[in-house]
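File shown: query-v8.tsv. Contents: TSV, C-alpha atoms.
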chain	number	residue	atom	x	y	z
A	21	MET	CA	46.58	133.65	149.08
A	22	PHE	CA	49.13	133.44	151.96
A	23	GLN	CA	52.26	132.49	150.02
A	24	ILE	CA	54.81	133.73	152.56
A	25	HIS	CA	57.39	131.01	153.33
A	26	PHE	CA	59.85	132.90	155.54
A	27	SER	CA	59.94	133.67	159.24
A	28	LEU	CA	58.40	137.04	160.04
A	29	LEU	CA	61.03	137.67	162.71
A	30	SER	CA	63.98	135.86	161.12
A	31	LYS	CA	66.30	138.82	161.69
A	32	THR	CA	65.54	138.92	165.42
A	33	LYS	CA	66.36	135.39	166.56
A	34	ALA	CA	66.10	136.10	170.28
A	35	LEU	CA	62.60	137.53	169.89
A	36	GLU	CA	61.61	134.68	167.59
A	37	HIS	CA	62.74	132.20	170.25
A	38	GLU	CA	60.74	133.98	172.97
A	39	ILE	CA	57.57	133.87	170.88
A	40	ASP	CA	58.19	130.20	170.05
A	41	THR	CA	58.53	129.43	173.75
A	42	PHE	CA	55.34	131.38	174.46
A	43	HIS	CA	53.50	129.17	171.97
A	44	ASP	CA	54.93	126.11	173.71
A	45	LYS	CA	53.54	127.34	177.03
A	46	LEU	CA	50.09	127.75	175.55
A	47	ILE	CA	50.09	124.24	174.09
A	48	ASP	CA	51.26	122.86	177.45
A	49	ALA	CA	48.46	124.73	179.23
A	50	SER	CA	45.76	123.52	176.84
A	51	MET	CA	46.84	119.88	177.02
A	52	THR	CA	47.18	119.97	180.81
A	53	PHE	CA	43.75	121.58	181.11
A	54	SER	CA	42.06	118.65	179.37
A	55	LYS	CA	43.86	116.24	181.72
A	56	ALA	CA	42.93	118.34	184.76
A	57	VAL	CA	39.21	118.40	184.00
A	58	LYS	CA	39.14	114.70	183.18
A	59	THR	CA	40.97	113.93	186.43
A	60	TYR	CA	38.60	116.13	188.45
A	61	LEU	CA	35.55	114.42	186.97
A	62	ASN	CA	37.01	110.99	187.80
A	63	GLU	CA	38.65	111.74	191.13
A	64	GLN	CA	37.47	115.22	192.19
A	65	HIS	CA	39.99	117.00	194.47
A	66	SER	CA	42.64	114.27	194.21
A	67	ASP	CA	46.39	114.77	194.44
A	68	ASP	CA	46.64	114.32	190.65
A	69	PHE	CA	44.10	117.09	190.05
A	70	LYS	CA	45.96	119.39	192.45
A	71	LYS	CA	49.18	118.60	190.58
A	72	TYR	CA	47.62	119.58	187.23
A	73	SER	CA	46.09	122.70	188.75
A	74	LYS	CA	49.46	123.83	190.12
A	75	GLN	CA	51.10	122.99	186.81
A	76	ILE	CA	48.67	125.24	184.92
A	77	LYS	CA	49.22	128.05	187.43
A	78	ARG	CA	52.98	127.71	186.96
A	79	ILE	CA	52.61	127.76	183.16
A	80	GLU	CA	50.40	130.84	183.36
A	81	HIS	CA	52.96	132.60	185.59
A	82	GLU	CA	55.82	131.72	183.22
A	83	ALA	CA	53.76	132.85	180.21
A	84	ASP	CA	53.11	136.22	181.89
A	85	LYS	CA	56.86	136.72	182.35
A	86	LEU	CA	57.46	135.75	178.73
A	87	ARG	CA	54.77	138.13	177.52
A	88	ARG	CA	56.39	141.02	179.37
A	89	ASN	CA	59.81	140.07	177.97
A	90	ILE	CA	58.38	139.91	174.44
A	91	GLU	CA	56.72	143.30	174.85
A	92	ASN	CA	60.00	144.82	176.05
A	93	SER	CA	61.97	143.10	173.27
A	94	LEU	CA	59.63	144.41	170.59
A	95	TYR	CA	60.73	147.95	171.40
A	96	SER	CA	64.40	146.96	171.38
A	97	TYR	CA	64.39	145.98	167.72
A	98	ASN	CA	63.99	148.17	164.68
A	99	LEU	CA	60.62	146.73	163.62
A	100	LEU	CA	58.03	148.56	161.57
A	101	PRO	CA	55.55	150.22	163.97
A	102	ASP	CA	52.62	148.48	162.27
A	103	LEU	CA	54.26	145.07	162.62
A	104	ARG	CA	55.17	145.76	166.24
A	105	ALA	CA	51.57	146.71	167.06
A	106	ASP	CA	50.22	143.55	165.40
A	107	VAL	CA	52.63	141.27	167.25
A	108	LEU	CA	51.86	143.00	170.56
A	109	LYS	CA	48.13	142.50	170.03
A	110	LEU	CA	48.54	138.85	169.09
A	111	VAL	CA	50.70	138.06	172.11
A	112	GLU	CA	48.25	139.83	174.44
A	113	ASN	CA	45.36	137.82	173.02
A	114	LEU	CA	47.26	134.55	173.26
A	115	ASP	CA	47.86	135.40	176.90
A	116	LYS	CA	44.11	135.85	177.38
A	117	VAL	CA	43.57	132.23	176.41
A	118	ILE	CA	46.14	130.99	178.93
A	119	ASN	CA	44.53	133.19	181.57
A	120	LYS	CA	41.10	131.74	180.75
A	121	ILE	CA	42.47	128.21	181.09
A	122	GLU	CA	44.01	129.04	184.48
A	123	GLU	CA	40.82	130.79	185.61
A	124	ILE	CA	38.47	127.87	184.92
A	125	THR	CA	40.94	125.37	186.39
A	126	TYR	CA	41.10	127.43	189.58
A	127	MET	CA	37.29	127.52	189.68
A	128	PHE	CA	37.29	123.72	189.85
A	129	TYR	CA	39.99	123.87	192.53
A	130	ALA	CA	38.29	126.52	194.70
A	131	GLU	CA	34.60	125.65	194.31
A	132	CYS	CA	34.86	121.85	194.14
A	133	PRO	CA	31.60	121.59	192.14
A	134	GLU	CA	29.56	118.40	192.36
A	135	ILE	CA	29.24	117.28	188.75
A	136	PRO	CA	26.33	114.83	188.34
A	137	GLU	CA	27.27	111.53	186.74
A	138	GLU	CA	24.99	112.06	183.74
A	139	TYR	CA	26.91	115.22	182.71
A	140	LYS	CA	30.48	113.97	183.18
A	141	SER	CA	30.97	112.59	179.67
A	142	ASN	CA	29.74	115.88	178.18
A	143	PHE	CA	32.07	117.87	180.43
A	144	LYS	CA	34.97	115.71	179.25
A	145	GLU	CA	33.95	116.21	175.62
A	146	LEU	CA	33.58	119.98	176.01
A	147	SER	CA	36.93	120.36	177.78
A	148	LYS	CA	38.65	118.28	175.08
A	149	LEU	CA	37.08	120.41	172.34
A	150	SER	CA	38.18	123.64	174.03
A	151	SER	CA	41.66	122.24	174.58
A	152	ASP	CA	41.93	121.18	170.92
A	153	CYS	CA	40.65	124.57	169.83
A	154	ALA	CA	43.32	126.38	171.87
A	155	GLU	CA	46.02	124.04	170.57
A	156	ASN	CA	45.10	124.59	166.91
A	157	MET	CA	44.84	128.34	167.54
A	158	CYS	CA	48.41	128.19	168.81
A	159	LYS	CA	49.55	126.27	165.73
A	160	ALA	CA	47.86	128.85	163.51
A	161	SER	CA	49.62	131.63	165.41
A	162	ARG	CA	52.98	129.89	165.03
A	163	ALA	CA	52.28	129.54	161.29
A	164	PHE	CA	51.68	133.31	161.10
A	165	PHE	CA	55.24	133.89	162.28
A	166	ARG	CA	56.88	131.06	160.33
A	167	ASP	CA	54.95	129.98	157.23
A	168	LEU	CA	51.59	131.43	156.21
A	169	THR	CA	50.89	128.54	153.83
A	170	THR	CA	49.63	126.39	156.74
A	171	LEU	CA	47.78	129.18	158.54
A	172	ARG	CA	44.42	128.64	156.84
A	173	ASP	CA	44.39	124.89	157.59
A	174	TYR	CA	44.82	125.43	161.32
A	175	SER	CA	42.38	128.34	161.27
A	176	GLN	CA	39.69	126.21	159.67
A	177	LYS	CA	40.25	123.56	162.33
A	178	VAL	CA	39.66	126.18	165.03
A	179	TYR	CA	36.42	127.31	163.39
A	180	PHE	CA	35.20	123.72	163.04
A	181	ILE	CA	36.09	122.72	166.60
A	182	GLU	CA	34.60	125.91	168.06
A	183	HIS	CA	31.33	125.16	166.24
A	184	GLU	CA	31.33	121.65	167.72
A	185	SER	CA	31.94	123.11	171.18
A	186	ASP	CA	28.97	125.46	170.69
A	187	ILE	CA	26.74	122.50	169.87
A	188	CYS	CA	28.00	120.57	172.90
A	189	CYS	CA	27.63	123.61	175.19
A	190	ARG	CA	24.04	124.34	174.12
A	191	LYS	CA	23.01	120.71	174.53
A	192	MET	CA	24.51	120.61	178.01
A	193	LEU	CA	22.75	123.81	179.07
A	194	GLU	CA	19.41	122.57	177.72
A	195	ASP	CA	19.78	119.31	179.63
A	196	ILE	CA	20.84	121.06	182.83
A	197	PHE	CA	17.97	123.55	182.87
A	198	ALA	CA	15.42	120.87	181.90
A	199	SER	CA	16.44	118.82	184.93
A	200	SER	CA	14.78	118.85	188.35
A	201	ARG	CA	17.89	120.15	190.12
A	202	SER	CA	17.77	123.27	192.23
A	203	LEU	CA	18.31	126.65	190.59
A	204	ALA	CA	21.56	127.10	192.53
A	205	GLU	CA	22.90	123.79	191.17
A	206	LYS	CA	21.85	124.70	187.64
A	207	LEU	CA	23.52	128.12	187.82
A	208	GLN	CA	26.77	126.67	189.15
A	209	LEU	CA	26.87	124.03	186.43
A	210	ARG	CA	26.16	126.69	183.79
A	211	GLN	CA	29.06	128.76	185.12
A	212	PHE	CA	31.45	125.86	184.53
A	213	VAL	CA	29.99	124.96	181.13
A	214	ASP	CA	30.26	128.58	179.98
A	215	GLY	CA	33.78	128.89	181.41
A	216	ILE	CA	35.07	125.88	179.50
A	217	ALA	CA	33.30	126.91	176.28
A	218	ASN	CA	34.76	130.43	176.57
A	219	ILE	CA	38.23	129.01	175.92
A	220	ALA	CA	37.10	127.94	172.44
A	221	ASP	CA	35.34	131.30	171.95
A	222	GLU	CA	38.54	133.18	172.77
A	223	ALA	CA	40.43	130.97	170.31
A	224	GLU	CA	37.93	131.75	167.56
A	225	ASP	CA	38.16	135.50	168.23
A	226	PHE	CA	41.95	135.24	168.05
A	227	ILE	CA	41.77	133.52	164.66
A	228	ASP	CA	39.45	136.22	163.30
A	229	GLN	CA	42.08	138.80	164.14
A	230	LEU	CA	45.01	136.65	163.05
A	231	LEU	CA	43.60	136.22	159.54
A	232	ILE	CA	43.22	140.00	159.18
A	233	PHE	CA	46.86	140.49	160.21
A	234	ALA	CA	47.92	137.73	157.78
A	235	ILE	CA	46.19	139.49	154.89
A	236	LYS	CA	48.06	142.67	155.82
A	237	ARG	CA	51.37	140.78	155.76
A	238	ASP	CA	50.52	139.21	152.40
A	239	ILE	CA	49.77	142.51	150.65

For this file, produce the structure as structure tokens.
Amino acid sequence: MFQIHFSLLSKTKALEHEIDTFHDKLIDASMTFSKAVKTYLNEQHSDDFKKYSKQIKRIEHEADKLRRNIENSLYSYNLLPDLRADVLKLVENLDKVINKIEEITYMFYAECPEIPEEYKSNFKELSKLSSDCAENMCKASRAFFRDLTTLRDYSQKVYFIEHESDICCRKMLEDIFASSRSLAEKLQLRQFVDGIANIADEAEDFIDQLLIFAIKRDI
């Protein structure tokens, strides 16, 4: 299964470059997100956290411009309609992950939540898992366009990491709601736990779809 060794868009080098750059933006966003959350937990609203937050916003803005360029380019080339639709859907769903990363980072920036000391290590672990999940999702997506032989490896990593993030998320929520903190504090903490975990969920959903598209390409 998945024996394709050539670039899916090899005849449209400009479009291939745009999609490559889009993948780069997503990896940058996921890695910066992990740094941003770790910095917030250590320093709260420090200058370093603000720097990472602005960096993610800039990446998200640049990715939006790239997505629109890719969508326009797809209609400029003589691609099969089915292939064009698949690529459009994949790019839109990759963009959702970047948007989710920017959204949760802004939540930290705007709400300045007070994260109790006993939950900080779990928040760091969960954000790292979600970041790793998004990064491997991106590598799987790049493999779809370049070499399907490595697609399954990266996809399996996403499934494994997402499962680990589920375990971490559930444990955190159980601990939070078993605590003596006020309901308002519990609900705010849950909002941030769910927001971070949703990045991994979006990555898993993307992989589900990506594997279906890969099977179509392999037929």

Between CA of Phe128 in chain A and CA of Ser141 in chain A - distance in Å to one decimal: 16.4 Å

Among the residues A:Glu155, A:Glu131, A:Glu63, A:Asp84, the one that comes closest to Leu46 in chain A [using only C-alpha atoms]: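 Closest candidate: A:Glu155.
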
Of the listed residues A:Ile76, A:Val111, A:Leu231, A:Leu61, that which approaches Thr41 in chain A most closely, counting all atoms listed in the file: A:Val111

Point (40.9, 130.2, 183.0), cut-off 9 Å, counting only C-alpha atoms, residues as a ChimeraX atom specification: /A:116-127,215-216,218-219

Proximity to Phe164 in chain A - best of A:Asp221, A:Glu182, A:Asp44, A:Asp106, all atoms listed in the file: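 Selected residue with least distance to Phe164 in chain A: A:Asp106.
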
Gap from CA of Val213 in chain A to CA of Ser147 in chain A - Å, one decimal: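 Taking CA of Val213 in chain A as the start and CA of Ser147 in chain A as the end point, the length is 9.0 Å.
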
For Asp68 in chain A: contacts at 12 Å, all atoms listed in the file, fewer than 2 positions along chain excluded, given as a list of chain:residue names: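 These residues fall inside the cut-off: A:Thr52, A:Lys55, A:Ala56, A:Val57, A:Lys58, A:Thr59, A:Tyr60, A:Leu61, A:Asn62, A:Glu63, A:Gln64, A:His65, A:Ser66, A:Lys70, A:Lys71, A:Tyr72, A:Ser73, A:Lys74, A:Gln75, A:Tyr129.
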
Counting all atoms listed in the file, the option among A:Lys191, A:Arg210, A:Glu184, A:Val178 closest to Ala223 in chain A: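 Closest candidate: A:Val178.
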
Using all atoms listed in the file: which of A:Leu146, A:Ala160, A:Leu207, A:Ala154 has the shortest distance to Gln229 in chain A: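 Selected residue with least distance to Gln229 in chain A: A:Ala160.
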
CA of Leu168 in chain A to CA of Met51 in chain A, distance in Å rounded to a single decimal: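 Separating CA of Leu168 in chain A from CA of Met51 in chain A is a distance of 24.3 Å.
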
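Residues with any atom within 10 Å of His43 in chain A, counting all atoms listed in the file and excluding same-chain neighbours fewer than 3 positions away, are His37, Glu38, Ile39, Asp40, Leu46, Ile47, Asp48, Ala49, Ala83, Val111, Leu114, Asp115, Glu155, Met157, Cys158, Lys159, Ser161 and Arg162 of chain A.
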
Find the smallest box with edges along x, y and z containing every listed atom of range 147-158 of chain A, then add 8 Å on each side and report centre and edge lengths in Å to one decimal, as AutoDock Vina command-line options.
--center_x 42.7 --center_y 123.3 --center_z 172.3 --size_x 27.5 --size_y 26.1 --size_z 26.9

Selected residue, from A:Ile79, A:Ile232, A:Ala217, A:Leu86, that lies nearest to Ile187 in chain A when counting all atoms listed in the file: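 Result for the nearest residue to Ile187 in chain A: A:Ala217.
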
Please reconstruct the missing atoms of range 166-200 of chain A (target: N, CA and C atoms) and return them as an mmCIF file, keeping the file's coordinate frame.
data_model
loop_
_atom_site.group_PDB
_atom_site.id
_atom_site.type_symbol
_atom_site.label_atom_id
_atom_site.label_comp_id
_atom_site.auth_asym_id
_atom_site.auth_seq_id
_atom_site.Cartn_x
_atom_site.Cartn_y
_atom_site.Cartn_z
ATOM 1 N N ARG A 166 55.894 131.898 161.011
ATOM 2 C CA ARG A 166 56.880 131.060 160.330
ATOM 3 C C ARG A 166 56.563 130.756 158.867
ATOM 4 N N ASP A 167 55.291 130.420 158.583
ATOM 5 C CA ASP A 167 54.950 129.980 157.230
ATOM 6 C C ASP A 167 53.439 130.111 157.028
ATOM 7 N N LEU A 168 53.024 131.157 156.355
ATOM 8 C CA LEU A 168 51.590 131.430 156.210
ATOM 9 C C LEU A 168 50.850 130.391 155.377
ATOM 10 N N THR A 169 51.578 129.507 154.689
ATOM 11 C CA THR A 169 50.890 128.540 153.830
ATOM 12 C C THR A 169 50.056 127.543 154.637
ATOM 13 N N THR A 170 50.395 127.332 155.910
ATOM 14 C CA THR A 170 49.630 126.390 156.740
ATOM 15 C C THR A 170 48.636 127.094 157.659
ATOM 16 N N LEU A 171 48.630 128.412 157.637
ATOM 17 C CA LEU A 171 47.780 129.180 158.540
ATOM 18 C C LEU A 171 46.300 128.868 158.349
ATOM 19 N N ARG A 172 45.850 128.839 157.091
ATOM 20 C CA ARG A 172 44.420 128.640 156.840
ATOM 21 C C ARG A 172 43.952 127.261 157.309
ATOM 22 N N ASP A 173 44.784 126.234 157.143
ATOM 23 C CA ASP A 173 44.390 124.890 157.590
ATOM 24 C C ASP A 173 44.096 124.867 159.083
ATOM 25 N N TYR A 174 45.014 125.416 159.867
ATOM 26 C CA TYR A 174 44.820 125.430 161.320
ATOM 27 C C TYR A 174 43.650 126.338 161.713
ATOM 28 N N SER A 175 43.485 127.428 160.982
ATOM 29 C CA SER A 175 42.380 128.340 161.270
ATOM 30 C C SER A 175 41.034 127.665 161.046
ATOM 31 N N GLN A 176 40.924 126.916 159.956
ATOM 32 C CA GLN A 176 39.690 126.210 159.670
ATOM 33 C C GLN A 176 39.392 125.154 160.735
ATOM 34 N N LYS A 177 40.438 124.528 161.251
ATOM 35 C CA LYS A 177 40.250 123.560 162.330
ATOM 36 C C LYS A 177 39.672 124.249 163.571
ATOM 37 N N VAL A 178 40.184 125.430 163.877
ATOM 38 C CA VAL A 178 39.660 126.180 165.030
ATOM 39 C C VAL A 178 38.193 126.500 164.833
ATOM 40 N N TYR A 179 37.824 126.980 163.651
ATOM 41 C CA TYR A 179 36.420 127.310 163.390
ATOM 42 C C TYR A 179 35.526 126.073 163.518
ATOM 43 N N PHE A 180 35.998 124.954 162.984
ATOM 44 C CA PHE A 180 35.200 123.720 163.040
ATOM 45 C C PHE A 180 35.035 123.243 164.486
ATOM 46 N N ILE A 181 36.145 123.213 165.232
ATOM 47 C CA ILE A 181 36.090 122.720 166.600
ATOM 48 C C ILE A 181 35.256 123.655 167.480
ATOM 49 N N GLU A 182 35.384 124.963 167.270
ATOM 50 C CA GLU A 182 34.600 125.910 168.060
ATOM 51 C C GLU A 182 33.105 125.711 167.813
ATOM 52 N N HIS A 183 32.739 125.429 166.560
ATOM 53 C CA HIS A 183 31.330 125.160 166.240
ATOM 54 C C HIS A 183 30.849 123.906 166.971
ATOM 55 N N GLU A 184 31.683 122.876 167.001
ATOM 56 C CA GLU A 184 31.330 121.650 167.720
ATOM 57 C C GLU A 184 31.185 121.929 169.223
ATOM 58 N N SER A 185 32.039 122.778 169.752
ATOM 59 C CA SER A 185 31.940 123.110 171.180
ATOM 60 C C SER A 185 30.659 123.885 171.474
ATOM 61 N N ASP A 186 30.244 124.744 170.540
ATOM 62 C CA ASP A 186 28.970 125.460 170.690
ATOM 63 C C ASP A 186 27.799 124.485 170.771
ATOM 64 N N ILE A 187 27.811 123.497 169.887
ATOM 65 C CA ILE A 187 26.740 122.500 169.870
ATOM 66 C C ILE A 187 26.715 121.735 171.194
ATOM 67 N N CYS A 188 27.883 121.316 171.642
ATOM 68 C CA CYS A 188 28.000 120.570 172.900
ATOM 69 C C CYS A 188 27.538 121.436 174.077
ATOM 70 N N CYS A 189 27.968 122.689 174.108
ATOM 71 C CA CYS A 189 27.630 123.610 175.190
ATOM 72 C C CYS A 189 26.114 123.830 175.270
ATOM 73 N N ARG A 190 25.487 124.093 174.129
ATOM 74 C CA ARG A 190 24.040 124.340 174.120
ATOM 75 C C ARG A 190 23.263 123.119 174.576
ATOM 76 N N LYS A 191 23.677 121.944 174.125
ATOM 77 C CA LYS A 191 23.010 120.710 174.530
ATOM 78 C C LYS A 191 23.126 120.502 176.037
ATOM 79 N N MET A 192 24.307 120.762 176.573
ATOM 80 C CA MET A 192 24.510 120.610 178.010
ATOM 81 C C MET A 192 23.619 121.574 178.795
ATOM 82 N N LEU A 193 23.560 122.819 178.358
ATOM 83 C CA LEU A 193 22.750 123.810 179.070
ATOM 84 C C LEU A 193 21.262 123.462 178.997
ATOM 85 N N GLU A 194 20.816 122.983 177.852
ATOM 86 C CA GLU A 194 19.410 122.570 177.720
ATOM 87 C C GLU A 194 19.092 121.427 178.677
ATOM 88 N N ASP A 195 19.990 120.456 178.747
ATOM 89 C CA ASP A 195 19.780 119.310 179.630
ATOM 90 C C ASP A 195 19.800 119.735 181.100
ATOM 91 N N ILE A 196 20.731 120.607 181.435
ATOM 92 C CA ILE A 196 20.840 121.060 182.830
ATOM 93 C C ILE A 196 19.590 121.798 183.276
ATOM 94 N N PHE A 197 19.112 122.729 182.450
ATOM 95 C CA PHE A 197 17.970 123.550 182.870
ATOM 96 C C PHE A 197 16.625 122.833 182.691
ATOM 97 N N ALA A 198 16.635 121.685 181.998
ATOM 98 C CA ALA A 198 15.420 120.870 181.900
ATOM 99 C C ALA A 198 15.328 119.865 183.049
ATOM 100 N N SER A 199 16.409 119.785 183.833
ATOM 101 C CA SER A 199 16.440 118.820 184.930
ATOM 102 C C SER A 199 15.663 119.338 186.141
ATOM 103 N N SER A 200 15.508 118.481 187.134
ATOM 104 C CA SER A 200 14.780 118.850 188.350
ATOM 105 C C SER A 200 15.702 119.365 189.449
#
